[in-house]
Amino acid sequence: MSEIAVDGEPLPFVEGQTVAAALVAVGRVAWRTTRVGHRPRGVFCGIGVCFDCLVTIDGAGGQRACMVRARPGMTVTTREDDDE
């Protein structure tokens, strides 16, 4: 099984999984919060329509985790306090 790094921790994934699917597979269903009210957000629509699952991937911010397939060695940073 391959791994990506999420917030500095190794996260296993199955080939073909999106970053969001890999996170959910290990029980992490929320990885950022709303600006107002700080409500938890993670994958919602799963098809790239909403922006609830935003993460930073290999230094590029604003990536929809449900649309990006995990690749070995990928570095993902979640945004616990989203300002967007």
# chains A, B, ... in the order shown; residues from 1 in each chain; ligands from 1
>>> residues_around(residues="segment 35-47 of chain A", least_positions_apart="3", cutoff="12 Å", atoms="only C-alpha atoms", output="ChimeraX atom specification")
/A:17-25,27-32,50-55,64-68,78-84
>>> select_by_dssp(residues="segment 16-45 of chain A", states="strand (DSSP E)", output="ChimeraX atom specification")
/A:32-33,40-41
>>> write_last_selection(atoms="all heavy atoms", output="PDB file, in the first residue's frame")
ATOM      1  N   ARG A  32     -11.115  20.689   7.849  1.00  0.00           N
ATOM      2  CA  ARG A  32     -11.054  22.142   7.908  1.00  0.00           C
ATOM      3  C   ARG A  32     -12.321  22.640   8.569  1.00  0.00           C
ATOM      4  O   ARG A  32     -13.234  21.849   8.802  1.00  0.00           O
ATOM      5  CB  ARG A  32     -10.856  22.766   6.519  1.00  0.00           C
ATOM      6  CG  ARG A  32     -11.957  22.451   5.526  1.00  0.00           C
ATOM      7  CD  ARG A  32     -11.692  22.969   4.127  1.00  0.00           C
ATOM      8  NE  ARG A  32     -11.988  24.331   3.872  1.00  0.00           N
ATOM      9  CZ  ARG A  32     -13.196  24.918   3.778  1.00  0.00           C
ATOM     10  NH1 ARG A  32     -14.259  24.274   3.949  1.00  0.00           N
ATOM     11  NH2 ARG A  32     -13.357  26.145   3.516  1.00  0.00           N
ATOM     12  N   THR A  33     -12.388  23.915   8.896  1.00  0.00           N
ATOM     13  CA  THR A  33     -13.588  24.483   9.506  1.00  0.00           C
ATOM     14  C   THR A  33     -14.009  25.735   8.739  1.00  0.00           C
ATOM     15  O   THR A  33     -13.191  26.355   8.042  1.00  0.00           O
ATOM     16  CB  THR A  33     -13.351  24.859  10.985  1.00  0.00           C
ATOM     17  OG1 THR A  33     -12.262  25.778  11.071  1.00  0.00           O
ATOM     18  CG2 THR A  33     -13.058  23.629  11.833  1.00  0.00           C
ATOM     19  N   PRO A  40     -17.126  22.055  11.242  1.00  0.00           N
ATOM     20  CA  PRO A  40     -16.240  21.128  10.529  1.00  0.00           C
ATOM     21  C   PRO A  40     -16.675  20.895   9.090  1.00  0.00           C
ATOM     22  O   PRO A  40     -17.870  20.851   8.784  1.00  0.00           O
ATOM     23  CB  PRO A  40     -16.334  19.841  11.342  1.00  0.00           C
ATOM     24  CG  PRO A  40     -17.599  19.948  12.106  1.00  0.00           C
ATOM     25  CD  PRO A  40     -17.870  21.408  12.307  1.00  0.00           C
ATOM     26  N   ARG A  41     -15.679  20.759   8.217  1.00  0.00           N
ATOM     27  CA  ARG A  41     -15.930  20.482   6.806  1.00  0.00           C
ATOM     28  C   ARG A  41     -14.965  19.415   6.321  1.00  0.00           C
ATOM     29  O   ARG A  41     -13.824  19.334   6.749  1.00  0.00           O
ATOM     30  CB  ARG A  41     -15.749  21.736   5.931  1.00  0.00           C
ATOM     31  CG  ARG A  41     -16.808  22.794   6.156  1.00  0.00           C
ATOM     32  CD  ARG A  41     -18.157  22.289   5.673  1.00  0.00           C
ATOM     33  NE  ARG A  41     -19.173  23.289   5.760  1.00  0.00           N
ATOM     34  CZ  ARG A  41     -20.133  23.328   6.690  1.00  0.00           C
ATOM     35  NH1 ARG A  41     -20.165  22.435   7.640  1.00  0.00           N
ATOM     36  NH2 ARG A  41     -21.050  24.252   6.667  1.00  0.00           N
TER      37      ARG A  41
END
>>> atom_distance(atom1="atom CA of Gly8 of chain A", atom2="atom CA of Pro72 of chain A")
14.1 Å
>>> atom_distance(atom1="atom CA of Gly61 of chain A", atom2="atom CA of Leu11 of chain A")
19.2 Å
>>> atom_distance(atom1="atom CA of Thr34 of chain A", atom2="atom CA of Gly16 of chain A")
28.7 Å
>>> residues_around(residues="Thr75 of chain A", least_positions_apart="2", cutoff="6 Å", atoms="only C-alpha atoms", output="list in words")
Ala5, Ile57 and Asp58 of chain A
